[in-house]
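Colleague: My questions will all concern the structure given below.
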Amino acid sequence: ERFDISPALYRPRTRKRISSDGSQFQMPGPNFLIIGAQKSGTTWVSHRLQQHPEVFLVHGTYFFDNPQRFARGVEWYERCFRDAIGKKAIGEKTPSYLWGEKFSAMGGGDPDIVPRRVREILPGVRLIAVLRNPVTRAISHFNHSIRSGKLPPFTDIDWALTGCDPARTRGLGLLERGLYCDQIQRWLRYFPREQMRILVFERDVIQHPSTCLTGLCSFLGIDPAFQFQTVHSKENQRLCRTELVLKYYVPAVRRVLQPILKRLPQESFRARPE
């Protein structure tokens with residue numbers, strides 16, 4: 001598949017810096033972003049791309065959607081990529097960017113502010129969006145919220161997804177993150193379609209992972225002949241049920257007992273199959 005993108009888009013954003021010995025060097029910046037959706041295979045994509053020798057990738061800066069991070073300025077953001085010298089594809093994975101409302105309670109408010117900021121700072125950046133069946137994505141997100149301690153370990157999934165207690169689930173976006181049409185259209189108001197690569201989890205990641213990665217390499221302008229490893233591996237956090245309870249209710253005890261807990265059967269918690 002061919003992509004009609006100007007070669008200029010493949011050049012990382014760089015700025016001149018002064019090293020400790022007084023010489024100048026170029027500070028690289030990102031030329032691609034994995035913007036979401038959360039629990040749709042973005043970790044699988046990022047971990048595979050990190051195998052490629054021409055790729056440098058950082059995870060979760062939240063620079064464009066977290067007001068406190070954005071207030072640190074572009075130079076702070078560029079320092080996140082200071083070790084990317086010599087890499088051709090330099091990127092970031094923050095899967096909340098696509099939704100754009102993760103930090104709205106902190107003063108974001110307008111979801112358009114995320115693509116607008118990206119456009120102002122990285123106008124030539126390439127965007128990767130991974131979409132998943134919204135129902136299974138919501139179930140996976142609920143399971144993740146239990147594992148990460150954002151919801152009590154005995155929360156009923158139907159109760160959570162139907163919004164019976166909006167105060168407890170507010171900000172998680174269990175259902176809202178799956179409204180892809182509005183989110184994609186929002187980003188396309190600021191970026192041309194040829195700068196966005198849209199993947200479908202069930203088709204590209206599950207059924208055709210090797211073809212998916214080859215296409216991503218072409219999109220990013222890196223060697224598509226590279227042989228990726230573990231293309232069929234899953235990416236899941238594994239915690240035993242005892243650790244889930246301790247993590248939410250008594251995190252201090254969990255930290256003390258963690259070496260022992262790691263020896264117990266580590267089952268990836270699922271309130272309902274994904």
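In the structure tokens, chains take letters A, B, ... by order of appearance, with residues numbered from 1 within each chain and ligands from 1 in the order shown.
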Write out as a PyMOL selection string each polymer residue whose atoms come within 10 Å of Arg193 of chain A, counting only C-alpha atoms; drop sequence neighbours fewer than 5 positions from it.

Modeller: chain A and resi 126-127+184-185+187-188+198

Colleague: Give me, please, the distance in Å between atom CA of Gly29 of chain A and atom CA of Phe219 of chain A, quoted to one decimal.

Modeller: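 Distance reported for this atom pair: 17.8 Å.
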
Colleague: Between atom CA of Lys39 of chain A and atom CA of Val58 of chain A, what is the spacing in Å?

Modeller: 17.6 Å

Colleague: Give me, as a ChimeraX atom specification, the residues of segment 48-229 of chain A that a backbone DSSP run labels strand (DSSP E).

Modeller: /A:55-59,89-93,126-131,196-200

Colleague: How far is it from atom CA of Pro30 of chain A to atom CA of Pro134 of chain A, in Å with one decimal?

Modeller: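 Distance between the two atoms: 29.0 Å.
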
Colleague: From the set A:Asp156, A:Glu202, A:Asp65, A:Glu54, which residue has the shortest atom-to-atom contact distance to Ser96 of chain A, counting only C-alpha atoms?

Modeller: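 Ranking A:Asp156, A:Glu202, A:Asp65, A:Glu54 by distance to Ser96 of chain A, first place goes to A:Asp65.
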
Colleague: My list of candidates is A:Thr136, A:Asn31, A:Thr43, A:Gln183. Which is closest to Thr94 of chain A when distances are computed with only C-alpha atoms?

Modeller: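 Closest residue, counting only C-alpha atoms: A:Thr43.
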
Colleague: Nearest to Pro67 of chain A: which of A:Asp110, A:Glu120, A:Asp83, A:Glu92 is it, counting only C-alpha atoms?

Modeller: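 Comparing A:Asp110, A:Glu120, A:Asp83, A:Glu92 against Pro67 of chain A, the winner is A:Asp110.
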
Colleague: Neighbours of Leu220 of chain A within 9 Å (only C-alpha atoms; same-chain residues fewer than 5 positions away dropped), as JSON, numbers by chain?

Modeller: {"A": [10, 31, 32, 88, 89, 126, 215]}

Colleague: Would you mind telling me which residue in A:Gly171, A:His141, A:Glu194, A:Pro209 lies nearest to Ile157 of chain A when using only C-alpha atoms?

Modeller: A:His141

Colleague: Extract, using only C-alpha atoms, all DNA, RNA and protein residues at most 10 Å from Pro224 of chain A, discarding same-chain residues fewer than 3 positions from it, and format them as a ChimeraX atom specification.

Modeller: /A:52,211,213-221,227-228

Colleague: Can you write just those residues out, N, CA and C atoms, as a PDB file, in the first residue's frame?

Modeller:
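New file selection.pdb:
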ATOM      1  N   HIS A  52      11.678  -2.549  16.388  1.00  0.00           N
ATOM      2  CA  HIS A  52      12.286  -2.103  15.135  1.00  0.00           C
ATOM      3  C   HIS A  52      13.484  -1.195  15.442  1.00  0.00           C
ATOM      4  N   THR A 211       0.822  -8.460   8.495  1.00  0.00           N
ATOM      5  CA  THR A 211       0.455  -7.489   7.464  1.00  0.00           C
ATOM      6  C   THR A 211       0.250  -6.116   8.072  1.00  0.00           C
ATOM      7  N   LEU A 213       1.737  -4.856  10.731  1.00  0.00           N
ATOM      8  CA  LEU A 213       3.024  -4.254  11.077  1.00  0.00           C
ATOM      9  C   LEU A 213       3.786  -3.807   9.832  1.00  0.00           C
ATOM     10  N   THR A 214       3.691  -4.576   8.758  1.00  0.00           N
ATOM     11  CA  THR A 214       4.331  -4.163   7.508  1.00  0.00           C
ATOM     12  C   THR A 214       3.737  -2.851   7.008  1.00  0.00           C
ATOM     13  N   GLY A 215       2.403  -2.737   7.088  1.00  0.00           N
ATOM     14  CA  GLY A 215       1.755  -1.504   6.676  1.00  0.00           C
ATOM     15  C   GLY A 215       2.142  -0.320   7.543  1.00  0.00           C
ATOM     16  N   LEU A 216       2.292  -0.557   8.842  1.00  0.00           N
ATOM     17  CA  LEU A 216       2.718   0.522   9.743  1.00  0.00           C
ATOM     18  C   LEU A 216       4.132   0.981   9.412  1.00  0.00           C
ATOM     19  N   CYS A 217       5.000   0.037   9.082  1.00  0.00           N
ATOM     20  CA  CYS A 217       6.377   0.410   8.709  1.00  0.00           C
ATOM     21  C   CYS A 217       6.375   1.301   7.469  1.00  0.00           C
ATOM     22  N   SER A 218       5.570   0.948   6.485  1.00  0.00           N
ATOM     23  CA  SER A 218       5.477   1.773   5.277  1.00  0.00           C
ATOM     24  C   SER A 218       4.936   3.155   5.619  1.00  0.00           C
ATOM     25  N   PHE A 219       3.947   3.202   6.475  1.00  0.00           N
ATOM     26  CA  PHE A 219       3.342   4.467   6.890  1.00  0.00           C
ATOM     27  C   PHE A 219       4.343   5.346   7.617  1.00  0.00           C
ATOM     28  N   LEU A 220       5.216   4.733   8.427  1.00  0.00           N
ATOM     29  CA  LEU A 220       6.196   5.482   9.209  1.00  0.00           C
ATOM     30  C   LEU A 220       7.499   5.729   8.449  1.00  0.00           C
ATOM     31  N   GLY A 221       7.617   5.169   7.270  1.00  0.00           N
ATOM     32  CA  GLY A 221       8.816   5.396   6.471  1.00  0.00           C
ATOM     33  C   GLY A 221      10.034   4.649   6.964  1.00  0.00           C
ATOM     34  N   GLN A 227      11.744  -8.240  10.509  1.00  0.00           N
ATOM     35  CA  GLN A 227      10.997  -9.383  11.025  1.00  0.00           C
ATOM     36  C   GLN A 227      10.673  -9.171  12.510  1.00  0.00           C
ATOM     37  N   PHE A 228       9.421  -8.893  12.813  1.00  0.00           N
ATOM     38  CA  PHE A 228       8.988  -8.695  14.189  1.00  0.00           C
ATOM     39  C   PHE A 228       8.838 -10.039  14.905  1.00  0.00           C
TER      40      PHE A 228
END

Colleague: Here is a test: counting only C-alpha atoms, which residue of A:Val114, A:Ile35, A:Leu98, A:Leu49 is nearest to Gly173 of chain A?

Modeller: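 Comparing A:Val114, A:Ile35, A:Leu98, A:Leu49 against Gly173 of chain A, the winner is A:Leu98.
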